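*Asks:* See entry.pdb below, with PDB, C-alpha atoms.
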ATOM      1  CA  MET A  15      92.048  16.924 -72.224
ATOM      2  CA  ALA A  16      88.454  17.938 -72.725
ATOM      3  CA  THR A  17      86.254  16.033 -70.363
ATOM      4  CA  LEU A  18      82.871  17.516 -71.129
ATOM      5  CA  ALA A  19      80.536  15.593 -73.359
ATOM      6  CA  VAL A  20      77.158  17.192 -72.874
ATOM      7  CA  ASP A  21      73.781  17.634 -74.508
ATOM      8  CA  PRO A  22      73.216  20.587 -76.874
ATOM      9  CA  ARG A  23      71.310  22.636 -74.298
ATOM     10  CA  THR A  24      74.016  22.298 -71.632
ATOM     11  CA  ASP A  25      76.655  23.011 -74.244
ATOM     12  CA  TYR A  26      74.820  26.180 -75.247
ATOM     13  CA  LEU A  27      74.462  27.289 -71.614
ATOM     14  CA  LEU A  28      78.206  26.769 -71.188
ATOM     15  CA  ARG A  29      79.006  28.820 -74.291
ATOM     16  CA  LEU A  30      76.963  31.785 -73.142
ATOM     17  CA  GLY A  31      77.947  31.343 -69.484
ATOM     18  CA  ASP A  32      81.662  31.078 -70.222
ATOM     19  CA  ASP A  33      81.517  34.130 -72.514
ATOM     20  CA  ALA A  34      80.005  36.131 -69.659
ATOM     21  CA  LEU A  35      82.342  34.736 -67.011
ATOM     22  CA  VAL A  36      85.552  35.256 -68.966
ATOM     23  CA  LEU A  37      84.615  38.725 -70.180
ATOM     24  CA  GLY A  38      83.491  39.687 -66.678
ATOM     25  CA  GLN A  39      86.760  38.454 -65.205
ATOM     26  CA  ARG A  40      88.736  40.323 -67.875
ATOM     27  CA  LEU A  41      86.926  43.575 -67.125
ATOM     28  CA  SER A  42      87.387  43.110 -63.393
ATOM     29  CA  GLU A  43      91.155  43.181 -63.989
ATOM     30  CA  TRP A  44      90.707  46.916 -64.554
ATOM     31  CA  CYS A  45      89.478  47.385 -60.988
ATOM     32  CA  GLY A  46      91.773  49.923 -59.343
ATOM     33  CA  HIS A  47      93.618  50.566 -62.635
ATOM     34  CA  GLY A  48      91.024  52.470 -64.678
ATOM     35  CA  PRO A  49      92.211  55.553 -66.558
ATOM     36  CA  ALA A  50      89.879  57.678 -64.388
ATOM     37  CA  LEU A  51      87.935  57.011 -61.206
ATOM     38  CA  GLU A  52      84.616  57.247 -63.067
ATOM     39  CA  VAL A  53      85.809  54.826 -65.767
ATOM     40  CA  ASP A  54      87.090  52.432 -63.112
ATOM     41  CA  ILE A  55      83.630  52.275 -61.519
ATOM     42  CA  SER A  56      81.985  52.020 -64.899
ATOM     43  CA  LEU A  57      84.154  49.040 -65.947
ATOM     44  CA  ALA A  58      83.564  47.338 -62.587
ATOM     45  CA  ASN A  59      79.795  47.707 -63.114
ATOM     46  CA  LEU A  60      80.038  46.102 -66.532
ATOM     47  CA  ALA A  61      82.099  43.274 -65.031
ATOM     48  CA  LEU A  62      79.519  42.691 -62.291
ATOM     49  CA  ASP A  63      76.646  42.540 -64.808
ATOM     50  CA  LEU A  64      78.511  39.840 -66.707
ATOM     51  CA  VAL A  65      79.499  37.824 -63.642
ATOM     52  CA  GLY A  66      75.823  37.933 -62.620
ATOM     53  CA  GLN A  67      74.796  36.609 -66.039
ATOM     54  CA  ALA A  68      77.478  33.912 -65.812
ATOM     55  CA  THR A  69      76.151  32.837 -62.413
ATOM     56  CA  LEU A  70      72.621  32.370 -63.777
ATOM     57  CA  LEU A  71      73.784  30.467 -66.852
ATOM     58  CA  LEU A  72      76.357  28.215 -65.183
ATOM     59  CA  ASP A  73      74.025  27.396 -62.287
ATOM     60  CA  GLU A  74      71.491  26.299 -64.903
ATOM     61  CA  ALA A  75      74.157  24.225 -66.674
ATOM     62  CA  GLY A  76      75.192  22.505 -63.447
ATOM     63  CA  ASP A  77      77.015  23.527 -60.284
ATOM     64  CA  GLY A  78      78.068  27.068 -61.157
ATOM     65  CA  ASP A  79      80.979  27.327 -58.716
ATOM     66  CA  GLN A  80      82.289  23.926 -59.739
ATOM     67  CA  LEU A  81      82.106  24.899 -63.411
ATOM     68  CA  ALA A  82      83.740  28.287 -62.891
ATOM     69  CA  PHE A  83      86.551  27.281 -60.561
ATOM     70  CA  HIS A  84      87.289  23.631 -61.229
ATOM     71  CA  ARG A  85      87.452  23.334 -65.002
ATOM     72  CA  ASP A  86      90.617  23.557 -67.057
ATOM     73  CA  VAL A  87      91.184  25.614 -70.182
ATOM     74  CA  LEU A  88      90.141  22.853 -72.591
ATOM     75  CA  ASP A  89      86.707  22.598 -70.986
ATOM     76  CA  PHE A  90      85.842  26.268 -71.401
ATOM     77  CA  ARG A  91      83.413  26.998 -74.230
ATOM     78  CA  ASN A  92      83.797  30.774 -74.523
ATOM     79  CA  CYS A  93      84.644  32.447 -77.812
ATOM     80  CA  LEU A  94      88.226  33.642 -78.319
ATOM     81  CA  LEU A  95      87.220  37.313 -78.472
ATOM     82  CA  VAL A  96      86.271  37.592 -74.798
ATOM     83  CA  GLU A  97      89.538  36.098 -73.509
ATOM     84  CA  GLN A  98      91.747  38.561 -75.397
ATOM     85  CA  PRO A  99      93.892  40.702 -73.102
ATOM     86  CA  ASN A 100      92.705  44.115 -71.959
ATOM     87  CA  GLY A 101      95.670  45.981 -73.478
ATOM     88  CA  ASP A 102      95.004  49.678 -73.080
ATOM     89  CA  PHE A 103      91.552  51.183 -72.504
ATOM     90  CA  ALA A 104      90.958  51.480 -76.266
ATOM     91  CA  GLN A 105      91.660  47.784 -76.813
ATOM     92  CA  THR A 106      89.267  46.892 -73.991
ATOM     93  CA  ILE A 107      86.596  49.095 -75.548
ATOM     94  CA  ALA A 108      87.107  47.556 -79.002
ATOM     95  CA  ARG A 109      86.569  44.087 -77.532
ATOM     96  CA  HIS A 110      83.511  45.165 -75.563
ATOM     97  CA  PHE A 111      81.987  46.969 -78.539
ATOM     98  CA  LEU A 112      82.415  43.989 -80.873
ATOM     99  CA  TYR A 113      81.180  41.436 -78.339
ATOM    100  CA  THR A 114      78.209  43.260 -76.799
ATOM    101  CA  SER A 115      76.942  44.444 -80.203
ATOM    102  CA  TRP A 116      76.779  40.754 -81.132
ATOM    103  CA  GLN A 117      75.428  39.704 -77.743
ATOM    104  CA  HIS A 118      72.617  42.253 -77.910
ATOM    105  CA  MET A 119      71.438  40.978 -81.302
ATOM    106  CA  LEU A 120      71.657  37.417 -79.996
ATOM    107  CA  LEU A 121      69.655  38.220 -76.850
ATOM    108  CA  GLN A 122      66.941  39.924 -78.919
ATOM    109  CA  ARG A 123      66.373  36.589 -80.655
ATOM    110  CA  LEU A 124      66.981  34.488 -77.565
ATOM    111  CA  THR A 125      63.944  36.100 -75.916
ATOM    112  CA  LYS A 126      61.921  33.950 -78.360
ATOM    113  CA  SER A 127      63.724  30.738 -77.447
ATOM    114  CA  SER A 128      61.515  27.705 -76.897
ATOM    115  CA  ASP A 129      63.518  27.171 -73.716
ATOM    116  CA  ARG A 130      61.809  29.012 -70.879
ATOM    117  CA  PHE A 131      64.948  29.585 -68.838
ATOM    118  CA  LEU A 132      66.875  31.027 -71.786
ATOM    119  CA  SER A 133      63.975  33.206 -72.825
ATOM    120  CA  GLU A 134      63.627  34.636 -69.310
ATOM    121  CA  PHE A 135      67.379  35.058 -69.048
ATOM    122  CA  ALA A 136      67.433  36.986 -72.320
ATOM    123  CA  HIS A 137      64.654  39.325 -71.166
ATOM    124  CA  LYS A 138      66.668  40.190 -68.061
ATOM    125  CA  ALA A 139      70.120  40.417 -69.638
ATOM    126  CA  ILE A 140      69.151  42.417 -72.703
ATOM    127  CA  LYS A 141      68.641  45.624 -70.712
ATOM    128  CA  GLU A 142      72.088  45.339 -69.187
ATOM    129  CA  ILE A 143      73.718  44.582 -72.507
ATOM    130  CA  ALA A 144      71.923  47.412 -74.308
ATOM    131  CA  TYR A 145      73.717  49.764 -71.914
ATOM    132  CA  HIS A 146      77.060  47.960 -72.431
ATOM    133  CA  ARG A 147      76.735  48.298 -76.188
ATOM    134  CA  ASP A 148      75.732  51.961 -76.004
ATOM    135  CA  LEU A 149      78.551  52.850 -73.626
ATOM    136  CA  ALA A 150      81.142  50.962 -75.696
ATOM    137  CA  SER A 151      79.847  52.639 -78.872
ATOM    138  CA  ASP A 152      80.066  56.058 -77.213
ATOM    139  CA  TRP A 153      83.691  55.399 -76.291
ATOM    140  CA  MET A 154      84.512  54.054 -79.774
ATOM    141  CA  ILE A 155      83.305  57.352 -81.193
ATOM    142  CA  ARG A 156      85.024  59.519 -78.547
ATOM    143  CA  LEU A 157      88.376  57.779 -78.933
ATOM    144  CA  GLY A 158      88.247  57.139 -82.689
ATOM    145  CA  ASP A 159      87.257  60.718 -83.410
ATOM    146  CA  GLY A 160      89.385  62.136 -80.573
ATOM    147  CA  THR A 161      93.062  63.015 -80.519
ATOM    148  CA  GLU A 162      95.728  61.607 -82.810
ATOM    149  CA  ASP A 163      96.902  59.369 -79.970
ATOM    150  CA  SER A 164      93.415  58.073 -79.058
ATOM    151  CA  ALA A 165      92.567  57.412 -82.728
ATOM    152  CA  ARG A 166      95.767  55.394 -83.197
ATOM    153  CA  ARG A 167      95.107  53.365 -80.039
ATOM    154  CA  MET A 168      91.509  52.748 -81.062
ATOM    155  CA  ALA A 169      92.591  51.545 -84.521
ATOM    156  CA  ASP A 170      95.220  49.256 -82.947
ATOM    157  CA  GLY A 171      92.699  47.820 -80.490
ATOM    158  CA  LEU A 172      90.196  47.180 -83.268
ATOM    159  CA  ALA A 173      92.885  45.514 -85.402
ATOM    160  CA  TRP A 174      93.701  43.159 -82.515
ATOM    161  CA  MET A 175      90.101  42.074 -81.982
ATOM    162  CA  TRP A 176      88.835  41.990 -85.564
ATOM    163  CA  ARG A 177      90.090  38.504 -86.451
ATOM    164  CA  PHE A 178      87.959  36.994 -83.677
ATOM    165  CA  VAL A 179      84.637  38.294 -85.041
ATOM    166  CA  PRO A 180      83.965  35.455 -87.551
ATOM    167  CA  GLU A 181      83.923  32.927 -84.692
ATOM    168  CA  LEU A 182      80.811  34.666 -83.327
ATOM    169  CA  PHE A 183      78.911  33.553 -86.436
ATOM    170  CA  GLU A 184      80.331  30.045 -86.702
ATOM    171  CA  VAL A 185      77.753  27.248 -86.488
ATOM    172  CA  ASP A 186      79.223  23.866 -85.601
ATOM    173  CA  ASP A 187      77.355  20.608 -85.029
ATOM    174  CA  ALA A 188      76.625  21.277 -81.356
ATOM    175  CA  LEU A 189      75.198  24.734 -82.055
ATOM    176  CA  GLN A 190      73.258  23.425 -85.051
ATOM    177  CA  ALA A 191      71.609  20.880 -82.756
ATOM    178  CA  ALA A 192      70.593  23.678 -80.353
ATOM    179  CA  ILE A 193      69.289  25.731 -83.291
ATOM    180  CA  ASP A 194      67.293  22.759 -84.603
ATOM    181  CA  ALA A 195      65.769  22.319 -81.147
ATOM    182  CA  ARG A 196      64.761  26.027 -81.246
ATOM    183  CA  ILE A 197      66.788  26.607 -78.101
ATOM    184  CA  ALA A 198      69.347  28.870 -79.780
ATOM    185  CA  PRO A 199      69.030  31.495 -82.520
ATOM    186  CA  ASP A 200      71.124  31.009 -85.656
ATOM    187  CA  PRO A 201      73.762  33.774 -85.517
ATOM    188  CA  ARG A 202      74.169  33.717 -89.301
ATOM    189  CA  GLU A 203      70.709  35.260 -89.550
ATOM    190  CA  PHE A 204      71.981  38.521 -88.102
ATOM    191  CA  GLU A 205      75.531  38.646 -89.459
ATOM    192  CA  ALA A 206      74.624  41.196 -92.141
ATOM    193  CA  GLU A 207      72.760  43.312 -89.585
ATOM    194  CA  TYR A 208      75.773  43.101 -87.263
ATOM    195  CA  ARG A 209      78.257  44.130 -89.952
ATOM    196  CA  SER A 210      76.076  47.065 -90.845
ATOM    197  CA  ALA A 211      75.610  48.217 -87.216
ATOM    198  CA  ILE A 212      79.348  47.938 -86.542
ATOM    199  CA  GLY A 213      80.070  49.818 -89.766
ATOM    200  CA  ALA A 214      77.787  52.682 -88.758
ATOM    201  CA  VAL A 215      79.603  53.210 -85.451
ATOM    202  CA  LEU A 216      83.021  52.928 -87.100
ATOM    203  CA  ALA A 217      81.995  55.549 -89.664
ATOM    204  CA  GLU A 218      80.917  57.921 -86.915
ATOM    205  CA  ALA A 219      84.178  57.181 -85.076
ATOM    206  CA  LYS A 220      86.114  57.940 -88.299
ATOM    207  CA  LEU A 221      87.697  54.482 -88.094
ATOM    208  CA  GLU A 222      88.346  52.099 -90.972
ATOM    209  CA  ALA A 223      87.115  48.539 -90.602
ATOM    210  CA  PRO A 224      90.278  46.407 -90.602
ATOM    211  CA  ALA A 225      90.779  44.072 -93.578
ATOM    212  CA  ASP A 226      89.260  40.633 -92.981
ATOM    213  CA  GLN A 227      91.972  38.117 -92.203
ATOM    214  CA  ARG A 228      91.898  34.359 -91.954
ATOM    215  CA  PRO A 229      89.414  33.798 -89.127
ATOM    216  CA  ILE A 230      90.657  32.229 -85.920
ATOM    217  CA  LEU A 231      88.191  29.669 -84.591
ATOM    218  CA  GLY A 232      88.092  26.960 -81.974
ATOM    219  CA  GLY A 233      87.117  28.523 -78.648
ATOM    220  CA  ARG A 234      83.719  26.798 -78.661
ATOM    221  CA  ARG A 235      85.536  23.462 -78.867
ATOM    222  CA  GLY A 236      88.049  24.273 -76.155
ATOM    223  CA  HIS A 237      90.935  25.365 -78.393
ATOM    224  CA  HIS A 238      91.838  28.590 -76.668
ATOM    225  CA  SER A 239      94.551  31.194 -77.019
ATOM    226  CA  GLU A 240      97.446  31.304 -74.582
ATOM    227  CA  HIS A 241      95.653  34.104 -72.727
ATOM    228  CA  LEU A 242      92.841  32.088 -71.158
ATOM    229  CA  GLY A 243      95.083  30.063 -68.854
ATOM    230  CA  HIS A 244      96.592  33.240 -67.452
ATOM    231  CA  LEU A 245      93.106  34.561 -66.774
ATOM    232  CA  LEU A 246      91.913  31.364 -65.076
ATOM    233  CA  ALA A 247      94.974  30.892 -62.855
ATOM    234  CA  PRO A 248      94.386  33.862 -60.504
ATOM    235  CA  MET A 249      90.605  33.357 -60.713
ATOM    236  CA  GLN A 250      90.723  29.673 -59.742
ATOM    237  CA  PHE A 251      93.727  29.681 -57.416
ATOM    238  CA  LEU A 252      91.904  30.185 -54.139
ATOM    239  CA  PRO A 253      89.064  27.656 -54.450
ATOM    240  CA  ARG A 254      91.465  25.076 -55.891
ATOM    241  CA  THR A 255      94.077  25.512 -53.186
ATOM    242  CA  TYR A 256      91.528  25.679 -50.365
ATOM    243  CA  PRO A 257      88.578  23.608 -51.601
ATOM    244  CA  ASP A 258      86.705  23.990 -48.323
ATOM    245  CA  ALA A 259      87.242  27.733 -47.973
ATOM    246  CA  LYS A 260      84.131  29.754 -47.126
ATOM    247  CA  TRP A 261      83.754  33.497 -47.570
TER     248      TRP A 261
ATOM    249  CA  MET B  78      92.904  61.594 -67.848
ATOM    250  CA  SER B  79      89.998  62.697 -65.653
ATOM    251  CA  GLY B  80      92.006  65.761 -64.618
ATOM    252  CA  ASP B  81      91.568  67.062 -68.180
ATOM    253  CA  TRP B  82      87.828  66.535 -68.102
ATOM    254  CA  PRO B  83      85.326  69.123 -66.944
ATOM    255  CA  LEU B  84      83.311  68.537 -63.797
ATOM    256  CA  TRP B  85      79.547  67.871 -63.867
ATOM    257  CA  GLU B  86      77.123  68.127 -60.953
ATOM    258  CA  VAL B  87      74.805  65.153 -60.607
ATOM    259  CA  PHE B  88      71.136  65.267 -59.548
ATOM    260  CA  VAL B  89      69.088  62.134 -58.891
ATOM    261  CA  ARG B  90      65.314  61.751 -58.669
ATOM    262  CA  SER B  91      64.903  58.900 -56.244
ATOM    263  CA  LYS B  92      61.317  58.122 -57.271
ATOM    264  CA  GLY B  93      58.495  59.547 -59.291
ATOM    265  CA  GLY B  94      56.995  62.691 -57.769
ATOM    266  CA  LEU B  95      60.063  63.714 -55.785
ATOM    267  CA  SER B  96      62.490  66.439 -56.811
ATOM    268  CA  HIS B  97      65.920  65.790 -58.240
ATOM    269  CA  ARG B  98      68.450  66.109 -55.435
ATOM    270  CA  HIS B  99      72.121  66.964 -55.716
ATOM    271  CA  VAL B 100      74.219  63.888 -54.898
ATOM    272  CA  GLY B 101      77.751  64.753 -56.015
ATOM    273  CA  SER B 102      79.809  65.263 -59.131
ATOM    274  CA  VAL B 103      81.682  63.362 -61.846
ATOM    275  CA  HIS B 104      84.395  64.139 -64.379
ATOM    276  CA  ALA B 105      83.509  63.423 -68.008
ATOM    277  CA  PRO B 106      84.598  64.667 -71.432
ATOM    278  CA  ASP B 107      81.060  65.598 -72.501
ATOM    279  CA  ALA B 108      77.434  65.616 -71.417
ATOM    280  CA  GLU B 109      76.536  62.174 -72.754
ATOM    281  CA  LEU B 110      79.389  60.427 -70.945
ATOM    282  CA  ALA B 111      78.706  62.545 -67.870
ATOM    283  CA  LEU B 112      75.260  60.922 -67.759
ATOM    284  CA  ALA B 113      76.844  57.483 -68.162
ATOM    285  CA  HIS B 114      79.368  58.174 -65.398
ATOM    286  CA  ALA B 115      76.615  59.533 -63.154
ATOM    287  CA  ARG B 116      74.518  56.442 -63.807
ATOM    288  CA  ASP B 117      77.435  54.132 -62.997
ATOM    289  CA  THR B 118      78.600  56.074 -59.948
ATOM    290  CA  TYR B 119      75.380  57.164 -58.250
ATOM    291  CA  THR B 120      72.529  54.865 -59.279
ATOM    292  CA  ARG B 121      74.099  51.411 -59.059
ATOM    293  CA  ARG B 122      72.158  50.537 -55.899
ATOM    294  CA  MET B 123      68.731  51.526 -57.238
ATOM    295  CA  GLU B 124      68.997  55.073 -55.958
ATOM    296  CA  GLY B 125      67.172  56.689 -58.818
ATOM    297  CA  VAL B 126      64.675  56.772 -61.659
ATOM    298  CA  SER B 127      65.946  59.916 -63.375
ATOM    299  CA  LEU B 128      69.251  61.760 -63.666
ATOM    300  CA  TRP B 129      70.337  65.299 -64.440
ATOM    301  CA  VAL B 130      73.880  66.425 -65.033
ATOM    302  CA  VAL B 131      74.819  70.085 -65.165
ATOM    303  CA  ALA B 132      78.234  71.425 -66.109
ATOM    304  CA  SER B 133      79.659  72.685 -62.802
ATOM    305  CA  ALA B 134      81.024  75.746 -64.591
ATOM    306  CA  GLU B 135      77.438  76.743 -65.436
ATOM    307  CA  ILE B 136      76.369  76.948 -61.803
ATOM    308  CA  VAL B 137      76.186  80.423 -60.330
ATOM    309  CA  ALA B 138      76.945  80.242 -56.623
ATOM    310  CA  SER B 139      76.634  82.749 -53.811
ATOM    311  CA  ASP B 140      79.902  84.127 -52.454
ATOM    312  CA  PRO B 141      80.824  82.542 -49.083
ATOM    313  CA  ASP B 142      82.283  85.915 -48.032
ATOM    314  CA  GLN B 143      78.794  87.362 -48.315
ATOM    315  CA  ALA B 144      77.227  84.691 -46.127
ATOM    316  CA  GLY B 145      76.868  87.220 -43.313
ATOM    317  CA  GLU B 146      74.830  89.750 -45.197
ATOM    318  CA  LEU B 147      72.895  87.159 -47.185
ATOM    319  CA  PHE B 148      71.846  84.690 -44.525
ATOM    320  CA  GLU B 149      72.374  85.954 -40.995
ATOM    321  CA  PRO B 150      69.572  88.569 -41.100
ATOM    322  CA  ALA B 151      67.060  85.711 -41.367
ATOM    323  CA  GLU B 152      68.252  84.199 -38.101
ATOM    324  CA  SER B 153      66.604  86.887 -35.958
ATOM    325  CA  LYS B 154      63.237  86.763 -37.716
ATOM    326  CA  ILE B 155      61.584  83.773 -36.180
ATOM    327  CA  TYR B 156      58.197  85.404 -36.862
ATOM    328  CA  ARG B 157      58.670  84.324 -40.493
ATOM    329  CA  HIS B 158      58.009  80.761 -39.362
ATOM    330  CA  PRO B 159      54.269  80.106 -39.004
ATOM    331  CA  THR B 160      54.662  78.822 -35.438
ATOM    332  CA  PHE B 161      52.457  81.337 -33.629
ATOM    333  CA  TYR B 162      49.111  79.896 -34.568
ATOM    334  CA  ASP B 163      47.032  77.585 -32.387
ATOM    335  CA  ILE B 164      46.051  74.594 -34.470
ATOM    336  CA  PRO B 165      42.631  73.181 -33.509
ATOM    337  CA  ASP B 166      42.901  69.601 -32.265
ATOM    338  CA  GLU B 167      40.604  68.282 -34.980
ATOM    339  CA  VAL B 168      42.984  69.403 -37.737
ATOM    340  CA  LYS B 169      45.298  66.554 -38.546
ATOM    341  CA  HIS B 170      48.360  66.203 -40.714
ATOM    342  CA  ILE B 171      49.926  69.651 -40.178
TER     343      ILE B 171
END
Give the structure from the file, written as structure tokens.

*Replies:*
Amino acid sequence: MATLAVDPRTDYLLRLGDDALVLGQRLSEWCGHGPALEVDISLANLALDLVGQATLLLDEAGDGDQLAFHRDVLDFRNCLLVEQPNGDFAQTIARHFLYTSWQHMLLQRLTKSSDRFLSEFAHKAIKEIAYHRDLASDWMIRLGDGTEDSARRMADGLAWMWRFVPELFEVDDALQAAIDARIAPDPREFEAEYRSAIGAVLAEAKLEAPADQRPILGGRRGHHSEHLGHLLAPMQFLPRTYPDAKW
Amino acid sequence: MSGDWPLWEVFVRSKGGLSHRHVGSVHAPDAELALAHARDTYTRRMEGVSLWVVASAEIVASDPDQAGELFEPAESKIYRHPTFYDIPDEVKHI
């Protein structure tokens, strides 16, 4: 049962913080399993950037450790895209490309937030995310326009993630309240720009944009896919089993 | 995967005004990703402000078997070091 009833600002901090935490945790699952040593380090760096962003955002929303390690699935406010499984490297890249392209456009606008913390956060995070987006785009192009095998994997990975894109532009009542308070940008304002930027990379990668399907929504309200619980279990096990553990 | 990729030598400039220094190598499929891999592998603890990558295959190296003829003759020519001059006391910073 969802237990969080919070003000629009805290809700918005949780959305952004949970996106970063869950995506960072997902990427960290690659650690030691990357397709090449260099890629392993590269994915770990991306994961660390995101966990750092999550720490800032969740500490601003409340007690960061408590929020990260002692909430259940229904209380997480991340979008469904970031919790999707890693699959193969191409699927991971498809997810990272779609999310960080959106995140970068969001952060550009968030720098002008009336909320001082969020504006300062955006100024710091945008440099990290610009690199994430560029690296993911580079890999989209390398794999999409690579071998027959890499192109097929890239297309499959994109097909998996595509249905979770519309949620990024969904505005529900809680987000609308944050937009009205000039805390949050309205994502609908950059949906056309996003579609066009994604399209340009896909064209260069010689990949077709998958057909739009019925969008899957609900992550922002705590209705998550089966995958999130499996991500949280190993992440939360230690602090939940040994609440007083120090390390 | 990385076994199929060419090797690139990585050079880092640690701060403005200093030379780029060789720090190691990375595997990457092309120059652009070699820069990304070099950035992620060698500058993640603020080691640098500028990066070069050079395809290892493009480096022309001296032959270790010729080390004797190339380098040993210099060993006996200490007069090539400017150590035989008396520096006046008032000259600092030499």

*Asks:* So which residues get picked by the ChimeraX specification (/B :<9) & /A here, written as a list in words?

*Replies:*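 Those residues are Pro49, Ala50, Leu51, Glu52, Val53, Ile55, Ser56, Leu57, Asn59, Leu149, Asp152, Trp153 and Arg156 of chain A.
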
*Asks:* Put those residues in a file: C-alpha atoms, as a compact mmCIF listing (two decimals), in the frame of the given file.

*Replies:*
# COMPACT_ATOMS: atom_id res chain seq x y z
CA PRO A 49 92.21 55.55 -66.56
CA ALA A 50 89.88 57.68 -64.39
CA LEU A 51 87.94 57.01 -61.21
CA GLU A 52 84.62 57.25 -63.07
CA VAL A 53 85.81 54.83 -65.77
CA ILE A 55 83.63 52.28 -61.52
CA SER A 56 81.98 52.02 -64.90
CA LEU A 57 84.15 49.04 -65.95
CA ASN A 59 79.80 47.71 -63.11
CA LEU A 149 78.55 52.85 -73.63
CA ASP A 152 80.07 56.06 -77.21
CA TRP A 153 83.69 55.40 -76.29
CA ARG A 156 85.02 59.52 -78.55

*Asks:* With the file shown as input, list the residues that the PyMOL selection byres ((chain B and resi 84-90) around 6) selects, as a short mmCIF file (atom, residue, chain, number, x, y, z; two decimals) with C-alpha atoms, keeping the file's coordinate frame.

*Replies:*
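Generated file (selection_19.cif):
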data_model
loop_
_atom_site.label_atom_id
_atom_site.label_comp_id
_atom_site.auth_asym_id
_atom_site.auth_seq_id
_atom_site.Cartn_x
_atom_site.Cartn_y
_atom_site.Cartn_z
CA PRO B 83 85.33 69.12 -66.94
CA SER B 91 64.90 58.90 -56.24
CA LYS B 92 61.32 58.12 -57.27
CA SER B 96 62.49 66.44 -56.81
CA HIS B 97 65.92 65.79 -58.24
CA ARG B 98 68.45 66.11 -55.44
CA HIS B 99 72.12 66.96 -55.72
CA VAL B 100 74.22 63.89 -54.90
CA GLY B 101 77.75 64.75 -56.02
CA SER B 102 79.81 65.26 -59.13
CA VAL B 103 81.68 63.36 -61.85
CA HIS B 104 84.40 64.14 -64.38
CA GLY B 125 67.17 56.69 -58.82
CA VAL B 126 64.68 56.77 -61.66
CA SER B 127 65.95 59.92 -63.38
CA LEU B 128 69.25 61.76 -63.67
CA TRP B 129 70.34 65.30 -64.44
CA VAL B 130 73.88 66.42 -65.03
CA VAL B 131 74.82 70.08 -65.17
CA ALA B 132 78.23 71.42 -66.11
CA SER B 133 79.66 72.68 -62.80
#

*Asks:* Do a neighbour search on Glu203 of chain A at 12 Å with all atoms listed in the file, toss out local chain neighbours closer than 3 positions, and write the hits as an NGL selection string.

*Replies:* :A and (116 or 119-120 or 123 or 182-185 or 193 or 198-200 or 206-209)

*Asks:* Find the residues around Ser128 of chain A up to 8 Å (all atoms listed in the file counted), leave out those fewer than 4 positions away in its own chain, and share them as a list in words.

*Replies:*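 So the residues in contact are Ser133, Arg196 and Ile197 of chain A.
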
*Asks:* Go ahead and compute the interatomic distance for atom CA of Pro257 of chain A and atom CA of Phe83 of chain A, in Å to one decimal.

*Replies:*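 Separation between atom CA of Pro257 of chain A and atom CA of Phe83 of chain A: 9.9 Å.
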
*Asks:* Could you check which of A:Leu124, A:Glu181, A:Val36, A:Phe111 is closest to Arg234 of chain A, using all atoms listed in the file?

*Replies:* A:Glu181

*Asks:* Using the chain letters and numbers from this file, what does the PyMOL selection byres ((chain A and resi 230) around 7) select? Give the answer as an MDAnalysis selection string.

*Replies:* chainID A and resid 177:178 181 228:229 231

*Asks:* Could you jot down the atom CA of Trp44 of chain A to atom CA of Asp63 of chain A separation for me, Å, one decimal place?

*Replies:*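 Calculated distance between atom CA of Trp44 of chain A and atom CA of Asp63 of chain A is 14.7 Å.
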
*Asks:* Quote the spacing between atom CA of Pro99 of chain A and atom CA of Thr161 of chain A in Å to one decimal place.

*Replies:*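 Computing the Euclidean distance for atom CA of Pro99 of chain A and atom CA of Thr161 of chain A yields 23.5 Å.
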
*Asks:* Find the spatial neighbours of Asp86 of chain A, counting only C-alpha atoms, within a cut-off of 12 Å - ignore same-chain residues fewer than 3 positions away - and output them as a PDB file with C-alpha atoms, keeping the file's coordinate frame.

*Replies:*
ATOM      1  CA  MET A  15      92.048  16.924 -72.224  1.00  0.00           C
ATOM      2  CA  ALA A  16      88.454  17.938 -72.725  1.00  0.00           C
ATOM      3  CA  THR A  17      86.254  16.033 -70.363  1.00  0.00           C
ATOM      4  CA  LEU A  18      82.871  17.516 -71.129  1.00  0.00           C
ATOM      5  CA  GLN A  80      82.289  23.926 -59.739  1.00  0.00           C
ATOM      6  CA  LEU A  81      82.106  24.899 -63.411  1.00  0.00           C
ATOM      7  CA  ALA A  82      83.740  28.287 -62.891  1.00  0.00           C
ATOM      8  CA  PHE A  83      86.551  27.281 -60.561  1.00  0.00           C
ATOM      9  CA  ASP A  89      86.707  22.598 -70.986  1.00  0.00           C
ATOM     10  CA  PHE A  90      85.842  26.268 -71.401  1.00  0.00           C
ATOM     11  CA  ARG A  91      83.413  26.998 -74.230  1.00  0.00           C
ATOM     12  CA  GLY A 236      88.049  24.273 -76.155  1.00  0.00           C
ATOM     13  CA  HIS A 237      90.935  25.365 -78.393  1.00  0.00           C
ATOM     14  CA  HIS A 238      91.838  28.590 -76.668  1.00  0.00           C
ATOM     15  CA  LEU A 242      92.841  32.088 -71.158  1.00  0.00           C
ATOM     16  CA  GLY A 243      95.083  30.063 -68.854  1.00  0.00           C
ATOM     17  CA  HIS A 244      96.592  33.240 -67.452  1.00  0.00           C
ATOM     18  CA  LEU A 245      93.106  34.561 -66.774  1.00  0.00           C
ATOM     19  CA  LEU A 246      91.913  31.364 -65.076  1.00  0.00           C
ATOM     20  CA  ALA A 247      94.974  30.892 -62.855  1.00  0.00           C
ATOM     21  CA  MET A 249      90.605  33.357 -60.713  1.00  0.00           C
ATOM     22  CA  GLN A 250      90.723  29.673 -59.742  1.00  0.00           C
ATOM     23  CA  PHE A 251      93.727  29.681 -57.416  1.00  0.00           C
ATOM     24  CA  ARG A 254      91.465  25.076 -55.891  1.00  0.00           C
TER      25      ARG A 254
END
